[in-house]
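Colleague: File follows, target_34.txt with compact mmCIF, C-alpha atoms and all ligand atoms:
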# COMPACT_ATOMS: atom_id res chain seq x y z
CA MET J 1 114.35 102.37 90.41
CA THR J 2 113.40 105.85 91.46
CA ALA J 3 112.65 108.31 88.70
CA GLN J 4 114.42 111.63 88.34
CA LEU J 5 112.20 114.66 88.74
CA ILE J 6 111.75 117.08 85.89
CA ASP J 7 111.55 120.26 87.95
CA GLY J 8 109.14 122.70 86.30
CA ASN J 9 110.02 125.47 88.74
CA ALA J 10 113.74 125.27 88.03
CA LEU J 11 113.27 125.05 84.26
CA SER J 12 110.78 127.93 84.38
CA LYS J 13 113.24 130.08 86.28
CA GLN J 14 115.86 129.47 83.63
CA LEU J 15 113.49 130.17 80.72
CA ARG J 16 111.94 133.22 82.38
CA THR J 17 115.41 134.72 82.84
CA GLN J 18 115.88 134.41 79.08
CA VAL J 19 112.46 135.97 78.46
CA ALA J 20 113.35 138.88 80.75
CA ALA J 21 116.60 139.50 78.86
CA ARG J 22 114.85 139.47 75.48
CA ALA J 23 112.08 141.73 76.84
CA GLN J 24 114.75 144.13 78.04
CA ALA J 25 116.36 144.18 74.58
CA LEU J 26 112.99 144.89 73.00
CA LYS J 27 112.30 147.68 75.48
CA ALA J 28 115.59 149.28 74.46
CA LYS J 29 114.08 149.47 70.98
CA GLY J 30 111.00 151.20 72.39
CA VAL J 31 108.64 148.20 72.51
CA THR J 32 107.45 146.78 75.84
CA PRO J 33 105.81 143.36 75.38
CA GLY J 34 102.24 143.60 76.64
CA LEU J 35 99.71 140.95 77.64
CA ALA J 36 96.02 141.58 78.28
CA VAL J 37 94.31 139.03 80.52
CA VAL J 38 90.52 139.13 80.46
CA LEU J 39 88.50 137.48 83.21
CA VAL J 40 84.72 137.36 83.13
CA GLY J 41 82.94 136.27 86.30
CA GLU J 42 84.08 135.01 89.68
CA ASN J 43 85.41 131.47 89.09
CA PRO J 44 87.77 131.05 92.10
CA ALA J 45 90.31 128.87 90.27
CA SER J 46 90.39 131.33 87.36
CA GLN J 47 91.02 134.21 89.77
CA VAL J 48 94.13 132.43 91.06
CA TYR J 49 95.33 131.52 87.56
CA VAL J 50 95.01 135.04 86.17
CA ARG J 51 96.71 136.54 89.22
CA ASN J 52 99.65 134.17 88.69
CA LYS J 53 99.85 135.05 84.99
CA VAL J 54 99.89 138.79 85.64
CA LYS J 55 102.47 138.42 88.42
CA ALA J 56 104.72 136.31 86.14
CA CYS J 57 104.55 139.05 83.50
CA GLU J 58 105.57 141.72 85.98
CA ASP J 59 108.46 139.59 87.27
CA ALA J 60 109.77 139.12 83.72
CA GLY J 61 109.47 142.81 82.84
CA LEU J 62 106.45 142.40 80.59
CA HIS J 63 103.59 144.87 80.68
CA SER J 64 100.28 143.28 81.63
CA VAL J 65 96.74 144.44 82.16
CA LEU J 66 94.12 142.44 83.99
CA GLU J 67 90.59 143.29 82.94
CA LYS J 68 87.93 141.85 85.23
CA TYR J 69 84.30 141.94 84.21
CA ASP J 70 81.10 140.98 85.93
CA ALA J 71 79.56 137.60 85.02
CA SER J 72 76.65 139.55 83.53
CA MET J 73 78.85 140.89 80.71
CA THR J 74 77.21 140.09 77.38
CA GLU J 75 78.87 138.21 74.55
CA ALA J 76 78.61 141.33 72.36
CA GLU J 77 80.35 143.42 75.02
CA LEU J 78 83.17 140.89 75.33
CA LEU J 79 83.58 140.65 71.55
CA ALA J 80 83.80 144.45 71.39
CA ARG J 81 86.44 144.45 74.12
CA VAL J 82 88.49 141.81 72.27
CA GLU J 83 88.29 143.94 69.13
CA GLY J 84 89.56 146.91 71.15
CA LEU J 85 92.54 144.87 72.34
CA ASN J 86 93.19 143.62 68.79
CA ASN J 87 93.62 147.27 67.79
CA ASP J 88 95.68 148.33 70.83
CA PRO J 89 99.33 148.70 69.77
CA ASP J 90 100.55 148.32 73.39
CA ILE J 91 99.00 144.86 73.64
CA HIS J 92 100.77 141.99 71.87
CA GLY J 93 99.01 139.06 73.50
CA ILE J 94 95.37 138.56 74.45
CA LEU J 95 94.26 135.86 76.86
CA VAL J 96 90.58 135.37 77.65
CA GLN J 97 90.49 133.11 80.68
CA LEU J 98 88.30 130.03 80.32
CA PRO J 99 85.75 128.89 81.32
CA LEU J 100 83.48 131.77 80.33
CA PRO J 101 79.94 132.15 81.71
CA GLU J 102 77.49 129.86 79.94
CA HIS J 103 75.70 132.62 78.01
CA ILE J 104 78.94 133.43 76.16
CA ASP J 105 80.11 131.25 73.24
CA ALA J 106 83.78 130.71 74.14
CA GLN J 107 84.76 129.52 70.66
CA LYS J 108 83.26 132.65 69.12
CA VAL J 109 85.31 134.80 71.50
CA ILE J 110 88.51 132.86 70.77
CA GLU J 111 87.97 133.26 67.02
CA ALA J 112 87.57 137.03 67.54
CA ILE J 113 91.15 137.30 68.87
CA SER J 114 93.62 138.30 66.19
CA PRO J 115 95.78 135.21 65.43
CA ALA J 116 98.83 137.49 65.74
CA LYS J 117 97.86 138.06 69.41
CA ASP J 118 96.58 134.55 70.16
CA VAL J 119 99.19 133.70 72.80
CA ASP J 120 97.01 130.89 74.19
CA GLY J 121 97.19 129.21 70.76
CA PHE J 122 93.47 128.36 70.87
CA HIS J 123 92.39 130.10 67.63
CA ILE J 124 91.53 127.84 64.69
CA ALA J 125 94.33 129.54 62.72
CA SER J 126 96.83 128.61 65.46
CA ALA J 127 95.53 125.03 65.61
CA GLY J 128 95.76 124.77 61.83
CA ALA J 129 99.30 126.14 61.85
CA LEU J 130 100.35 123.54 64.42
CA MET J 131 98.69 120.78 62.43
CA THR J 132 100.44 121.74 59.20
CA GLY J 133 103.82 122.67 60.71
CA MET J 134 103.46 126.35 59.88
CA PRO J 135 104.60 129.16 62.22
CA GLY J 136 102.02 130.06 64.83
CA PHE J 137 101.41 130.09 68.56
CA TRP J 138 101.41 126.73 70.33
CA PRO J 139 99.09 126.12 73.29
CA CYS J 140 101.14 126.78 76.43
CA THR J 141 100.64 123.55 78.38
CA PRO J 142 101.71 121.04 75.71
CA TYR J 143 104.41 123.47 74.59
CA GLY J 144 105.71 123.45 78.16
CA CYS J 145 105.68 119.64 78.14
CA MET J 146 107.83 119.67 74.99
CA LYS J 147 110.30 122.02 76.70
CA MET J 148 110.47 119.62 79.66
CA LEU J 149 111.37 116.73 77.33
CA GLU J 150 113.93 118.95 75.63
CA SER J 151 115.43 119.83 79.03
CA ILE J 152 116.34 116.18 79.67
CA GLY J 153 117.74 115.83 76.15
CA TYR J 154 115.04 113.34 75.20
CA ASP J 155 115.01 112.37 71.51
CA LEU J 156 111.44 111.45 70.52
CA LYS J 157 112.38 110.02 67.15
CA GLY J 158 111.11 106.47 66.89
CA LYS J 159 109.66 106.51 70.40
CA HIS J 160 106.08 105.62 71.25
CA ALA J 161 104.23 108.42 73.02
CA VAL J 162 100.83 107.82 74.58
CA VAL J 163 98.69 110.86 75.36
CA ILE J 164 95.79 110.29 77.74
CA GLY J 165 93.16 112.94 77.04
CA ARG J 166 91.94 114.56 73.83
CA SER J 167 91.09 118.14 74.77
CA ASN J 168 91.68 120.96 72.30
CA ILE J 169 93.86 122.70 74.91
CA VAL J 170 96.19 119.84 75.83
CA GLY J 171 95.64 116.34 74.42
CA LYS J 172 95.22 117.06 70.71
CA PRO J 173 97.95 119.72 70.39
CA MET J 174 100.26 117.57 72.55
CA ALA J 175 99.87 114.67 70.12
CA LEU J 176 100.68 116.92 67.15
CA MET J 177 103.82 118.31 68.81
CA LEU J 178 105.07 114.81 69.64
CA LEU J 179 104.32 113.71 66.09
CA GLN J 180 106.26 116.68 64.72
CA LYS J 181 109.29 115.38 66.65
CA ASN J 182 108.89 111.99 64.97
CA ALA J 183 107.31 110.02 67.79
CA THR J 184 104.70 107.37 67.08
CA VAL J 185 101.69 108.78 68.87
CA THR J 186 98.61 107.15 70.38
CA ILE J 187 95.79 109.24 71.83
CA CYS J 188 93.73 107.52 74.50
CA HIS J 189 90.49 108.80 75.99
CA SER J 190 87.38 107.84 77.93
CA ALA J 191 86.23 105.42 75.21
CA THR J 192 89.56 103.58 75.00
CA PRO J 193 88.71 100.02 76.05
CA ASP J 194 92.06 98.97 77.54
CA LEU J 195 94.11 101.99 78.59
CA LYS J 196 96.71 99.88 80.39
CA ALA J 197 97.44 97.85 77.25
CA MET J 198 98.28 101.14 75.51
CA THR J 199 100.30 102.81 78.27
CA LEU J 200 102.40 99.67 78.83
CA GLN J 201 103.73 100.14 75.28
CA ALA J 202 104.69 103.77 75.85
CA ASP J 203 108.16 105.27 76.11
CA VAL J 204 106.54 108.61 76.98
CA ILE J 205 103.18 109.07 78.70
CA VAL J 206 101.36 112.39 79.01
CA ALA J 207 98.43 112.26 81.41
CA ALA J 208 95.95 115.06 80.73
CA VAL J 209 92.53 113.97 81.90
CA GLY J 210 91.82 115.90 85.09
CA LYS J 211 91.19 112.84 87.27
CA ARG J 212 93.33 111.37 90.04
CA ASN J 213 95.17 108.06 89.62
CA VAL J 214 94.44 107.73 85.91
CA LEU J 215 97.96 106.31 85.65
CA THR J 216 99.25 103.82 88.22
CA ALA J 217 102.57 101.97 88.48
CA ASP J 218 101.23 98.73 86.93
CA MET J 219 100.39 100.70 83.75
CA VAL J 220 103.92 102.00 83.15
CA LYS J 221 106.77 100.29 81.30
CA PRO J 222 109.99 100.43 83.35
CA GLY J 223 112.06 103.44 82.28
CA ALA J 224 109.21 105.38 80.66
CA VAL J 225 109.05 109.19 80.92
CA VAL J 226 105.86 110.42 82.58
CA LEU J 227 104.48 113.95 82.27
CA ASP J 228 101.55 114.82 84.53
CA VAL J 229 99.30 117.64 83.33
CA GLY J 230 96.58 117.01 85.93
CA MET J 231 95.57 119.54 88.59
CA ASN J 232 93.35 117.85 91.14
CA ARG J 233 92.84 117.78 94.90
CA ASN J 234 93.21 114.62 96.95
CA ASP J 235 91.03 113.67 99.93
CA GLU J 236 93.14 115.88 102.21
CA GLY J 237 92.64 118.83 99.85
CA LYS J 238 96.25 118.73 98.67
CA LEU J 239 97.10 119.49 95.05
CA CYS J 240 97.79 116.35 93.00
CA GLY J 241 97.97 115.32 89.38
CA ASP J 242 96.47 112.55 87.26
CA VAL J 243 99.36 110.21 88.05
CA ASP J 244 99.80 108.10 91.19
CA PHE J 245 103.12 109.82 91.79
CA ASP J 246 104.40 107.67 94.67
CA GLY J 247 103.84 104.44 92.77
CA VAL J 248 104.83 105.55 89.27
CA LYS J 249 108.07 107.22 90.39
CA GLU J 250 109.37 103.74 91.29
CA VAL J 251 108.93 102.56 87.67
CA ALA J 252 109.53 105.61 85.47
CA SER J 253 112.92 107.07 84.51
CA TYR J 254 111.69 110.66 84.66
CA ILE J 255 108.50 112.12 86.12
CA THR J 256 107.03 115.59 86.60
CA PRO J 257 105.70 116.41 90.08
CA VAL J 258 102.42 118.18 90.91
CA PRO J 259 102.73 120.90 92.03
CA GLY J 260 105.98 122.24 90.57
CA GLY J 261 105.91 120.40 87.26
CA VAL J 262 103.88 121.27 84.18
CA GLY J 263 101.91 124.04 85.95
CA PRO J 264 104.68 126.66 86.10
CA MET J 265 105.75 125.71 82.57
CA THR J 266 102.31 126.68 81.23
CA ILE J 267 102.78 130.23 82.48
CA THR J 268 106.37 130.30 81.27
CA MET J 269 105.31 129.43 77.72
CA LEU J 270 102.64 132.14 77.89
CA LEU J 271 105.46 134.61 78.59
CA VAL J 272 107.47 133.17 75.70
CA ASN J 273 104.50 133.47 73.33
CA THR J 274 103.78 137.03 74.45
CA LEU J 275 107.42 138.02 74.01
CA GLU J 276 107.50 136.48 70.53
CA ALA J 277 104.26 138.23 69.59
CA ALA J 278 105.89 141.52 70.59
CA GLU J 279 109.09 140.68 68.72
CA SER J 280 107.06 139.94 65.57
CA ALA J 281 105.10 143.18 65.95
CA ALA J 282 108.36 145.13 66.37
CA ASN J 283 109.90 143.74 63.20
N1 LIG W 1 91.67 127.94 81.69
C1 LIG W 1 92.44 126.91 82.14
N2 LIG W 1 93.61 126.90 81.50
C2 LIG W 1 93.60 127.93 80.63
C3 LIG W 1 94.55 128.46 79.70
O1 LIG W 1 95.65 127.94 79.53
N3 LIG W 1 94.16 129.56 79.02
C4 LIG W 1 92.95 130.13 79.18
N4 LIG W 1 92.66 131.20 78.46
N5 LIG W 1 92.05 129.68 80.04
C5 LIG W 1 92.38 128.59 80.75
Would you mind giving the structure from this file in structure tokens?
Modeller:
Amino acid sequence: MTAQLIDGNALSKQLRTQVAARAQALKAKGVTPGLAVVLVGENPASQVYVRNKVKACEDAGLHSVLEKYDASMTEAELLARVEGLNNDPDIHGILVQLPLPEHIDAQKVIEAISPAKDVDGFHIASAGALMTGMPGFWPCTPYGCMKMLESIGYDLKGKHAVVIGRSNIVGKPMALMLLQKNATVTICHSATPDLKAMTLQADVIVAAVGKRNVLTADMVKPGAVVLDVGMNRNDEGKLCGDVDFDGVKEVASYITPVPGGVGPMTITMLLVNTLEAAESAAN
């Protein structure tokens, strides 16, 4: 069996068209959705990510500002800048790109962002809202994964989902979203003694570790749905995920490619969150 691809580029295009239309409607009411992206330091991967986020905003008709600061920026200066953006009526979403330089406490900065503008969904208030099923911003990567499952009409009720990885950004919120859709959820991580025994039971597997070949074909139940959140480089320097794509695609029913899978969906959900922040502010 060869799995069907869940095409993150195609789904993103569709969703971004809807975002653009809603942004246009909001603009007609005098409100242009605005995202501020703050980058501190010179991390090369971060530079690419923030450029892509700003470009996606422009393409969807959202206003965006990219603020770049030297790595020597102090924590106090960054906190003051976040406060300025909290109070800026033209800015509806604030994204402080991670990682931050070591002398800055990232959690402290995240908690300084107004929850109403926390389009990354990293604030404790957003995490708490997700945990309790209250309205709030969902972290973009797992939110994008949920949209991918929705796009194939997948009903999670009664299914067993295995999440590999327990980060605050992906693994933990992913598990909560799957649980909210009535899946039975297992979270696996570096201290899980027998990962394969867990993944072989899974109807849905989300790999979010940041290491190549964490999931191979022998670890997948035939017909399972596999979502690959990884962003790694192989020996030839080519982008690859956490999943051994060539092997697993012969066993799974659906699989997301890397690149062109979860990656574009992350940015798409950032646009959705920013739009919804602006819609809330306008009402
Ligand atoms: N660094 C890597 N991914 C992300 C993300 O989704 N948001 C932010 N703010 N920083 C990141």
Colleague: Between atom CA of Gly223 of chain J and atom CA of Ser253 of chain J, what is the distance, to one decimal in Å?
Modeller: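 Separation of atom CA of Gly223 of chain J and atom CA of Ser253 of chain J: 4.3 Å.
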Colleague: Show me, as a list in words, the residues that have an atom within 10 Å of Leu95 of chain J when counting all atoms listed in the file, minus same-chain residues fewer than 6 positions from it.
Modeller: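 Final neighbour list, sorted by chain and number: Leu35, Ala36, Val37, Val38, Leu39, Val50, Lys53, Leu66, Val82, Ile110, Ile113, Lys117, Asp118, Val119, Asp120, Gly121, Phe122, Leu270 and Thr274 of chain J.
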Colleague: How would you write, as a PyMOL selection string, the set of residues no farther than 8 Å from ligand LIG 1 (chain W) when counting all atoms listed in the file?
Modeller: chain J and resi 46+49+95-99+120+139-141+169+266
Colleague: Got a sec: who's within 10 Å of Arg16 of chain J, counting all atoms listed in the file, leaving out chain neighbours fewer than 2 positions off, as a PyMOL selection string?
Modeller: chain J and resi 10-14+18-22+56-57+59-61+265+267-269+271-272
Colleague: Excluding segment 5-7 of chain J and its own-chain neighbours fewer than 3 positions away, which residues fall within 6 Å of it when counting all atoms listed in the file? Please give them as a ChimeraX atom specification.
Modeller: /J:10,254-256,261
Colleague: Those residues you just picked out, can you put them in a file as a PDB file, keeping the file's coordinate frame with C-alpha atoms?
Modeller:
ATOM      1  CA  ALA J  10     113.740 125.270  88.030  1.00  0.00           C
ATOM      2  CA  TYR J 254     111.690 110.660  84.660  1.00  0.00           C
ATOM      3  CA  ILE J 255     108.500 112.120  86.120  1.00  0.00           C
ATOM      4  CA  THR J 256     107.030 115.590  86.600  1.00  0.00           C
ATOM      5  CA  GLY J 261     105.910 120.400  87.260  1.00  0.00           C
TER       6      GLY J 261
END
Colleague: Could you check how far atom CA of Arg233 of chain J sits from atom CA of Arg212 of chain J, in Å to one decimal?
Modeller: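 Distance between the two atoms: 8.1 Å.
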Colleague: Using atom CA of Ile104 of chain J and atom CA of Met73 of chain J as the two end points, give the distance in Å to one decimal.
Modeller: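 That distance, rounded to one decimal, is 8.7 Å.
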Colleague: Quick one: everything within 12 Å of Lys27 of chain J, counting all atoms listed in the file, minus sequence neighbours fewer than 3 positions away in the same chain. Send it as a PyMOL selection string.
Modeller: chain J and resi 20-24+30-34+61-63+90+275+278-279+282
Colleague: Can you tell me which residues surround Leu178 of chain J at a distance of at most 8 Å, considering all atoms listed in the file, apart from same-chain residues fewer than 6 positions away, and format the answer as a ChimeraX atom specification?
Modeller: /J:146,156,161,184-185
Colleague: Which of these residues is nearest to Ala217 of chain J, using all atoms listed in the file: J:Ala28, J:Ala281, J:Val243, J:Val248?
Modeller: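 When distances to Ala217 of chain J are compared using all atoms listed in the file, the smallest one comes from J:Val248.
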Colleague: Given the choices J:Leu176, J:Val65, J:Val229, J:Ala202, which gets closest to Gly128 of chain J if the distance is worked out from only C-alpha atoms?
Modeller: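 Answer, going by the shortest atom-to-atom distance: J:Leu176.
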Colleague: Go through J:Gly241, J:Pro259, J:Pro115, J:Pro44 and flag the residue nearest Pro135 of chain J, using only C-alpha atoms for the distances.
Modeller: J:Pro115
Colleague: Of the candidates J:Ala252, J:Ala25, J:Ile94, J:Ala191, which one gets nearest to Val220 of chain J if we count all atoms listed in the file?
Modeller: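 Using all atoms listed in the file, the shortest distance to Val220 of chain J belongs to J:Ala252.
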Colleague: Calculated over all atoms listed in the file, which of the candidates J:Gly171, J:Val40, J:Lys196, J:Asp203 has the smallest distance to Ala183 of chain J?
Modeller: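 Comparing J:Gly171, J:Val40, J:Lys196, J:Asp203 against Ala183 of chain J, the winner is J:Asp203.
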Colleague: Give one line per residue of segment 212-250 of chain J that approaches segment 163-167 of chain J to at most 12 Å, naming the two atoms of the closest pair and their distance in Å to one decimal, counting only C-alpha atoms; sort by chain then ascending residue number and deliver it as CSV.
Modeller:
residue,atom,partner,partner_atom,distance
J:Val214,CA,J:Ile164,CA,8.7
J:Leu215,CA,J:Ile164,CA,9.1
J:Val225,CA,J:Val163,CA,11.9
J:Val226,CA,J:Val163,CA,10.2
J:Leu227,CA,J:Val163,CA,9.5
J:Asp228,CA,J:Ile164,CA,10.0
J:Val229,CA,J:Ile164,CA,9.9
J:Gly230,CA,J:Gly165,CA,10.4
J:Asp242,CA,J:Ile164,CA,9.8
J:Val243,CA,J:Ile164,CA,10.9
Colleague: Which of these residues is nearest to Gly93 of chain J, using only C-alpha atoms: J:Asp70, J:Phe137, J:Val170, J:Gly247?
Modeller: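 The answer is J:Phe137, which sits nearest to Gly93 of chain J.
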Colleague: Could you write out as lines of an AutoDock Vina configuration file the box around segment 191-203 of chain J (axis-aligned, all atoms listed in the file, 4 Å on each side), with centre and edge lengths in Å to one decimal?
Modeller:
center_x = 97.2
center_y = 101.6
center_z = 77.7
size_x = 29.9
size_y = 15.6
size_z = 13.4
